[in-house]
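To be precise, the following lines are protein22.cif, and they hold mmCIF, C-alpha atoms.
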```
data_model
loop_
_atom_site.label_atom_id
_atom_site.label_comp_id
_atom_site.auth_asym_id
_atom_site.auth_seq_id
_atom_site.Cartn_x
_atom_site.Cartn_y
_atom_site.Cartn_z
CA MET A 1 0.00 0.00 0.00
CA ILE A 2 1.64 3.25 -1.03
CA VAL A 3 -0.81 6.15 -1.42
CA PRO A 4 -4.18 6.71 -3.06
CA PHE A 5 -4.02 7.11 -6.83
CA GLY A 6 -5.69 10.53 -6.52
CA HIS A 7 -2.75 11.96 -4.60
CA VAL A 8 -0.35 10.99 -7.38
CA LEU A 9 -2.70 12.61 -9.90
CA MET A 10 -2.71 15.80 -7.81
CA LEU A 11 1.09 15.83 -7.58
CA ALA A 12 1.39 15.43 -11.34
CA GLY A 13 -1.25 18.11 -11.87
CA VAL A 14 0.67 20.55 -9.69
CA LEU A 15 3.91 19.79 -11.57
CA PHE A 16 2.14 20.16 -14.92
CA SER A 17 0.68 23.55 -14.02
CA LEU A 18 4.08 24.71 -12.74
CA GLY A 19 5.59 23.75 -16.07
CA MET A 20 2.80 25.49 -17.94
CA PHE A 21 3.32 28.63 -15.87
CA CYS A 22 7.03 28.49 -16.67
CA ALA A 23 6.35 28.07 -20.39
CA LEU A 24 3.79 30.87 -20.50
CA ALA A 25 5.11 33.51 -18.13
CA ARG A 26 8.85 33.47 -18.73
CA ARG A 27 10.28 35.48 -21.58
CA ASN A 28 13.35 33.40 -22.18
CA LEU A 29 13.30 30.69 -24.81
CA ILE A 30 15.46 28.35 -22.71
CA MET A 31 13.08 28.68 -19.76
CA ILE A 32 10.15 27.98 -22.09
CA VAL A 33 11.75 24.71 -23.21
CA LEU A 34 12.46 23.88 -19.55
CA GLY A 35 8.76 24.38 -18.83
CA ILE A 36 7.87 21.94 -21.60
CA GLU A 37 10.28 19.44 -20.06
CA ILE A 38 8.58 19.81 -16.67
CA MET A 39 5.20 19.16 -18.31
CA LEU A 40 6.48 16.01 -20.06
CA ASN A 41 7.90 14.85 -16.74
CA ALA A 42 4.55 15.31 -15.00
CA ALA A 43 2.89 13.28 -17.74
CA SER A 44 5.37 10.45 -17.26
CA ILE A 45 4.68 10.40 -13.49
CA ILE A 46 1.00 9.85 -14.30
CA PHE A 47 1.85 7.09 -16.78
CA VAL A 48 4.05 5.19 -14.31
CA SER A 49 1.54 5.45 -11.47
CA ALA A 50 -1.31 4.42 -13.79
CA ALA A 51 0.73 1.41 -14.86
CA LEU A 52 0.91 0.48 -11.17
CA HIS A 53 -2.77 1.23 -10.61
CA TRP A 54 -4.00 -1.00 -13.42
CA GLU A 55 -1.09 -3.46 -13.08
CA SER A 56 -0.17 -3.21 -16.75
CA LEU A 57 3.22 -2.51 -18.27
CA GLU A 58 1.65 -0.37 -21.01
CA GLY A 59 2.17 2.84 -19.04
CA GLN A 60 5.82 2.13 -18.37
CA ALA A 61 6.44 1.38 -22.05
CA PHE A 62 4.86 4.72 -22.91
CA VAL A 63 7.23 6.55 -20.56
CA LEU A 64 10.16 5.07 -22.48
CA PHE A 65 8.85 6.73 -25.64
CA ILE A 66 8.17 9.98 -23.79
CA LEU A 67 11.84 9.99 -22.76
CA ALA A 68 12.94 9.55 -26.37
CA VAL A 69 10.61 12.29 -27.60
CA ALA A 70 11.81 14.63 -24.84
CA ALA A 71 15.44 14.05 -25.77
CA THR A 72 14.67 14.67 -29.45
CA GLU A 73 12.65 17.79 -28.73
CA VAL A 74 15.36 19.26 -26.51
CA SER A 75 18.21 18.63 -28.93
CA VAL A 76 16.41 20.09 -31.94
CA GLY A 77 14.80 22.85 -29.87
CA LEU A 78 18.08 24.01 -28.40
CA ALA A 79 19.73 23.95 -31.83
CA ILE A 80 16.91 26.14 -33.17
CA ILE A 81 17.21 28.45 -30.15
CA ILE A 82 20.95 28.92 -30.74
CA TYR A 83 20.27 29.55 -34.42
CA ALA A 84 17.65 32.17 -33.57
CA PHE A 85 20.01 33.73 -31.03
CA ARG A 86 22.70 34.09 -33.64
CA ARG A 87 20.26 35.64 -36.10
CA THR A 88 18.70 38.13 -33.68
CA GLY A 89 21.00 38.32 -30.66
CA SER A 90 18.21 37.78 -28.19
CA PHE A 91 16.42 35.00 -26.32
CA ASP A 92 13.21 36.98 -25.96
CA PRO A 93 10.61 35.61 -28.40
CA SER A 94 8.79 38.93 -28.51
CA THR A 95 11.78 40.50 -30.26
CA TYR A 96 11.59 38.10 -33.19
CA ASN A 97 9.90 40.51 -35.57
CA LEU A 98 12.03 40.25 -38.69
CA LEU A 99 8.94 40.22 -40.89
CA LYS A 100 7.82 43.63 -39.71
CA MET B 101 0.55 6.19 7.11
CA THR B 102 2.93 3.48 6.01
CA LEU B 103 6.61 3.99 5.36
CA HIS B 104 6.04 4.01 1.61
CA GLY B 105 3.35 6.65 1.96
CA PHE B 106 5.72 8.78 4.02
CA ILE B 107 8.44 8.39 1.38
CA PHE B 108 5.97 9.41 -1.33
CA TYR B 109 4.91 12.59 0.45
CA VAL B 110 8.49 13.60 1.21
CA LEU B 111 9.52 13.02 -2.42
CA ALA B 112 6.46 14.89 -3.69
CA ALA B 113 7.20 17.88 -1.45
CA VAL B 114 10.86 17.98 -2.49
CA THR B 115 10.02 17.64 -6.18
CA VAL B 116 7.41 20.39 -6.16
CA ALA B 117 9.61 22.70 -4.06
CA ALA B 118 12.62 22.19 -6.35
CA THR B 119 10.46 22.86 -9.41
CA VAL B 120 9.00 26.03 -7.89
CA VAL B 121 12.48 27.31 -7.06
CA ALA B 122 13.71 26.36 -10.54
CA ILE B 123 11.04 28.19 -12.50
CA THR B 124 11.42 31.39 -10.51
CA ARG B 125 15.21 31.74 -10.88
CA ARG B 126 16.52 34.48 -13.12
CA ASN B 127 19.91 32.85 -13.42
CA LEU B 128 19.55 30.00 -15.92
CA VAL B 129 22.33 27.88 -14.43
CA HIS B 130 20.62 27.92 -11.02
CA ALA B 131 17.30 27.01 -12.64
CA VAL B 132 18.81 24.02 -14.44
CA VAL B 133 20.57 22.75 -11.30
CA TYR B 134 17.39 23.01 -9.23
CA LEU B 135 15.53 21.15 -11.95
CA ILE B 136 18.09 18.33 -11.66
CA PHE B 137 16.98 17.99 -8.02
CA SER B 138 13.41 17.77 -9.23
CA TYR B 139 14.30 15.01 -11.68
CA PHE B 140 16.12 13.02 -9.00
CA GLY B 141 12.94 13.20 -6.92
CA THR B 142 10.94 11.97 -9.91
CA ALA B 143 13.38 9.11 -10.46
CA MET B 144 12.91 7.99 -6.85
CA LEU B 145 9.15 8.21 -7.34
CA PHE B 146 9.48 5.91 -10.36
CA TYR B 147 11.43 3.46 -8.23
CA LEU B 148 8.75 3.64 -5.56
CA PHE B 149 6.11 2.92 -8.21
CA GLY B 150 7.91 -0.22 -9.28
CA ALA B 151 9.78 0.93 -12.38
CA PRO B 152 13.50 0.55 -11.56
CA LEU B 153 14.62 0.65 -15.20
CA LEU B 154 12.69 3.86 -15.84
CA ALA B 155 14.17 5.35 -12.66
CA ALA B 156 17.66 4.66 -13.97
CA LEU B 157 16.75 6.04 -17.40
CA GLU B 158 15.28 9.16 -15.81
CA VAL B 159 18.56 9.86 -14.02
CA ILE B 160 20.67 9.02 -17.06
CA ILE B 161 18.63 10.79 -19.75
CA TYR B 162 16.79 13.60 -17.98
CA ALA B 163 19.13 14.57 -15.15
CA GLY B 164 22.24 13.48 -17.02
CA ALA B 165 21.90 14.19 -20.71
CA ILE B 166 19.12 16.73 -21.19
CA MET B 167 20.06 19.00 -18.31
CA VAL B 168 23.73 18.90 -19.28
CA LEU B 169 22.65 19.91 -22.80
CA PHE B 170 20.86 22.90 -21.28
CA LEU B 171 23.96 23.75 -19.24
CA PHE B 172 26.12 23.60 -22.38
CA VAL B 173 23.77 25.96 -24.21
CA VAL B 174 23.70 28.35 -21.25
CA MET B 175 27.49 28.27 -21.06
CA MET B 176 27.93 28.69 -24.81
CA ILE B 177 25.98 31.90 -24.94
CA LYS B 178 26.27 35.03 -22.90
CA VAL B 179 22.88 35.39 -21.27
CA GLU B 180 21.75 38.74 -20.08
CA ALA B 181 20.04 37.16 -17.09
CA SER B 182 19.09 40.28 -15.22
CA GLU B 183 17.35 41.91 -18.16
CA GLU B 184 14.56 39.37 -18.38
CA VAL B 185 11.28 40.85 -17.23
CA LEU B 186 8.26 38.83 -16.28
CA PHE B 187 4.90 39.81 -17.65
CA PRO B 188 3.12 42.62 -15.80
CA ARG B 189 0.75 41.58 -13.07
CA SER B 190 -2.37 42.76 -14.93
CA GLN B 191 -1.47 40.32 -17.68
CA TRP B 192 -0.96 37.12 -15.70
CA LEU B 193 -3.31 37.68 -12.76
CA PRO B 194 -6.51 36.72 -14.67
CA ALA B 195 -4.76 33.64 -16.03
CA ALA B 196 -3.65 32.70 -12.52
CA ILE B 197 -7.19 33.10 -11.17
CA PHE B 198 -8.68 30.92 -13.91
CA GLY B 199 -5.92 28.37 -13.42
CA LEU B 200 -6.59 28.29 -9.68
CA ILE B 201 -10.29 27.67 -10.29
CA TYR B 202 -9.45 24.80 -12.64
CA ALA B 203 -6.97 23.40 -10.11
CA VAL B 204 -9.56 23.41 -7.30
CA VAL B 205 -12.24 21.83 -9.50
CA GLY B 206 -9.75 19.25 -10.77
CA CYS B 207 -8.69 18.30 -7.24
CA LEU B 208 -12.34 17.92 -6.20
CA MET B 209 -12.99 15.81 -9.29
CA ILE B 210 -9.99 13.57 -8.58
CA ALA B 211 -11.02 13.20 -4.95
CA ALA B 212 -14.59 12.30 -5.93
CA ALA B 213 -13.68 9.94 -8.76
CA PRO B 214 -14.47 6.27 -8.13
CA GLY B 215 -11.40 4.20 -7.43
CA ALA B 216 -9.21 7.20 -6.70
CA GLU B 217 -9.10 6.41 -2.99
CA MET B 218 -7.86 2.91 -3.72
CA SER B 219 -4.28 2.61 -2.56
CA LEU B 220 -1.62 1.65 -5.05
CA LYS B 221 -0.15 -1.79 -4.50
CA LEU B 222 3.51 -2.47 -4.02
CA LEU B 223 4.61 -4.12 -7.24
CA SER B 224 7.78 -3.97 -9.25
CA ALA B 225 8.55 -4.75 -12.87
CA THR B 226 12.07 -6.05 -13.28
CA PRO B 227 14.06 -4.65 -16.22
CA ARG B 228 13.91 -8.09 -17.83
CA GLU B 229 10.10 -8.25 -17.76
CA PHE B 230 9.87 -4.67 -18.95
CA ALA B 231 12.30 -5.19 -21.83
CA LEU B 232 10.56 -8.39 -22.93
CA TYR B 233 7.23 -6.59 -22.88
CA VAL B 234 8.52 -3.60 -24.87
CA PHE B 235 10.22 -5.64 -27.55
CA GLN B 236 7.36 -8.11 -27.87
CA SER B 237 4.43 -5.70 -28.00
CA HIS B 238 5.97 -2.42 -29.08
CA TRP B 239 8.83 -3.31 -31.40
CA PHE B 240 7.40 -1.12 -34.16
CA SER B 241 7.29 1.92 -31.86
CA VAL B 242 10.90 1.26 -30.91
CA GLU B 243 11.83 1.37 -34.60
CA VAL B 244 9.86 4.60 -35.09
CA VAL B 245 11.61 6.15 -32.10
CA SER B 246 15.01 5.17 -33.45
CA LEU B 247 14.09 6.83 -36.74
CA LEU B 248 12.98 9.92 -34.81
CA LEU B 249 16.33 10.08 -33.00
CA LEU B 250 18.15 9.77 -36.33
CA ILE B 251 16.10 12.63 -37.76
CA ALA B 252 16.86 14.71 -34.66
CA LEU B 253 20.57 14.03 -35.13
CA VAL B 254 20.42 15.11 -38.78
CA ALA B 255 18.40 18.22 -37.90
CA ALA B 256 20.77 19.25 -35.11
CA LEU B 257 23.76 18.72 -37.39
CA TYR B 258 22.14 20.75 -40.16
CA LEU B 259 21.25 23.62 -37.83
CA GLY B 260 24.71 23.52 -36.29
CA LYS B 261 26.40 23.58 -39.67
CA GLY B 262 24.48 26.68 -40.69
CA GLN B 263 25.87 28.43 -37.65
CA GLY B 264 29.44 28.18 -38.82
CA LYS B 265 28.73 30.36 -41.83
CA GLU B 266 26.65 32.78 -39.78
CA LYS B 267 29.35 33.04 -37.17
CA SER B 268 32.00 34.17 -39.60
CA LYS B 269 29.73 37.03 -40.60
CA ALA B 270 28.49 37.91 -37.14
CA GLU B 271 30.73 38.40 -34.14
CA GLY B 272 32.25 35.14 -32.93
CA GLU B 273 30.66 34.26 -29.64
CA VAL B 274 31.79 30.75 -28.76
#
```
Can you present the structure in this file as structure tokens?
Amino acid sequence: MIVPFGHVLMLAGVLFSLGMFCALARRNLIMIVLGIEIMLNAASIIFVSAALHWESLEGQAFVLFILAVAATEVSVGLAIIIYAFRRTGSFDPSTYNLLK
Amino acid sequence: MTLHGFIFYVLAAVTVAATVVAITRRNLVHAVVYLIFSYFGTAMLFYLFGAPLLAALEVIIYAGAIMVLFLFVVMMIKVEASEEVLFPRSQWLPAAIFGLIYAVVGCLMIAAAPGAEMSLKLLSATPREFALYVFQSHWFSVEVVSLLLLIALVAALYLGKGQGKEKSKAEGEV
């Protein structure tokens, strides 16, 4: 007996909303990507605990793929961020107005 | 409260606290290091939930590889950390209020849902069982993920190669 499933859901919900706040309120591209990472992490907590709740390995297998997608997203995202930084000299997405 | 329940609440508190500290830092290096604490807490949660292989992968990939990648990017580029301004209060306060309402309703919904008060059992999937399951039922997804990683490698190389030409024109930063 560990804890009720609802408490794990609440923990993951809190982590997810923290990540969403980070992605929405910060004005730094690196912090935005960090917020997305926090959200993916919260989702994987739910998957692992749901795998335990329903006693199926499906959830754990999904977390493996979430890890791979997170690694891909971060590597390409950071490369794009550095590229944008070199083009504009800023991390603030609101200054990317080259089309103006 | 059992010992496992106590461990869960301690880990949950540490993880949430580390995340809160991380997302409010202005210095990016501090934010990344605090987030590593958060990921260690998550890895221990995975172990508690009976996924030892995923706990190891979380430490190796998230806390090890991804966060070090962030640190490299932060180190590679001069970041004007103090100049970042958060949105004005009038802009995020309504969003925070709506989010709070959703959070309260969601917590009530989770607490009232049938089966939510059922305690999780203590089970553990050994890496062998897990690997057999993944490669027997999800071998196609594994192939797709490997293709995805290859594409990411090519994309990162392409974007990085473009920088060399840009750099000679712009001021060299690295």
Where does range 22-77 of chain A meet range 240-246 of chain B within 9 Å, residue by residue, with the nearest atom pair and distance in Å to one decimal for each, counting all atoms listed in the file, listed by chain and rising number, as JSON lines?
```
{"residue": "A:Phe65", "atom": "CA", "partner": "B:Val245", "partner_atom": "CA", "distance": 7.0}
{"residue": "A:Ala68", "atom": "CA", "partner": "B:Val245", "partner_atom": "CA", "distance": 6.8}
{"residue": "A:Val69", "atom": "CA", "partner": "B:Val245", "partner_atom": "CA", "distance": 7.7}
```
Interatomic distance, CA of Ala71 in chain A to CA of Gly35 in chain A (Å, one decimal):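 A separation of 14.1 Å between them.
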Contact set, chain B to chain A: 6 Å, only C-alpha atoms, as a PyMOL selection string: chain B and resi 104-105+123+186+210+216-222+252+256
Written file, previous selection with C-alpha atoms, as a PDB file, in the coordinates of the input:
```
ATOM      1  CA  HIS B 104       6.040   4.010   1.610  1.00  0.00           C
ATOM      2  CA  GLY B 105       3.350   6.650   1.960  1.00  0.00           C
ATOM      3  CA  ILE B 123      11.040  28.190 -12.500  1.00  0.00           C
ATOM      4  CA  LEU B 186       8.260  38.830 -16.280  1.00  0.00           C
ATOM      5  CA  ILE B 210      -9.990  13.570  -8.580  1.00  0.00           C
ATOM      6  CA  ALA B 216      -9.210   7.200  -6.700  1.00  0.00           C
ATOM      7  CA  GLU B 217      -9.100   6.410  -2.990  1.00  0.00           C
ATOM      8  CA  MET B 218      -7.860   2.910  -3.720  1.00  0.00           C
ATOM      9  CA  SER B 219      -4.280   2.610  -2.560  1.00  0.00           C
ATOM     10  CA  LEU B 220      -1.620   1.650  -5.050  1.00  0.00           C
ATOM     11  CA  LYS B 221      -0.150  -1.790  -4.500  1.00  0.00           C
ATOM     12  CA  LEU B 222       3.510  -2.470  -4.020  1.00  0.00           C
ATOM     13  CA  ALA B 252      16.860  14.710 -34.660  1.00  0.00           C
ATOM     14  CA  ALA B 256      20.770  19.250 -35.110  1.00  0.00           C
TER      15      ALA B 256
END
```
Interatomic distance (Å, one decimal) between CA of Pro188 in chain B and CA of Ala131 in chain B: 21.3 Å
The PyMOL selection byres ((chain B and resi 140) around 9) applied to the shown file, residues as a ChimeraX atom specification: /B:115,135-139,141-145,155,158-159,163
Point-to-point distance in Å for CA of Val132 in chain B and CA of Met167 in chain B: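 Calculated distance between CA of Met167 in chain B and CA of Val132 in chain B is 6.5 Å.
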Of the listed residues A:Lys100, A:Ser94, A:Thr88, A:Phe16, that which approaches Leu40 in chain A most closely, counting only C-alpha atoms: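 The closest residue to Leu40 in chain A is A:Phe16.
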